[in-house]
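> Sharing a structure, written as structure tokens. Questions coming.
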Amino acid sequence: MKKLLCTLVLAATLATALAGCGAKFTCDLCNEEKSGKQYKEEVFGQEVIYCADCYEDLQNLGDLFD
Ligand SMILES: [Zn+2]
């Protein structure tokens with residue numbers, strides 16, 4: 001049982017480490033699998049993860065309303 005716990009902790013640590021160095025993620029805005037920089041935003045209490053492309057799009061969109 002203790003060994004299982006150790007494995008779980010190790011796996012969680014590894015997953016966190018991988019996420020920190022360009023692991024693949026699915027962008028919530030364009031639904032494409034991306035790697036590299038990811039942006040997080042909380043919208044209506046829900047965490048939204050999006051890619052650099054969508055981040056740029058959002059920036060451009062924001063400029064329109066300035
Ligand atoms: Zn995207």
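Chain labels follow the order of the structure tokens: the first chain is A, the next B, and so on; residue numbering restarts at 1 in every chain, and ligands are counted from 1 in their shown order.
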Find the residues near ligand 1. Use a cut-off of 10 Å, count only C-alpha atoms and all ligand atoms, and write them as an NGL selection string.

:A and (25-34 or 38-39 or 49-57)
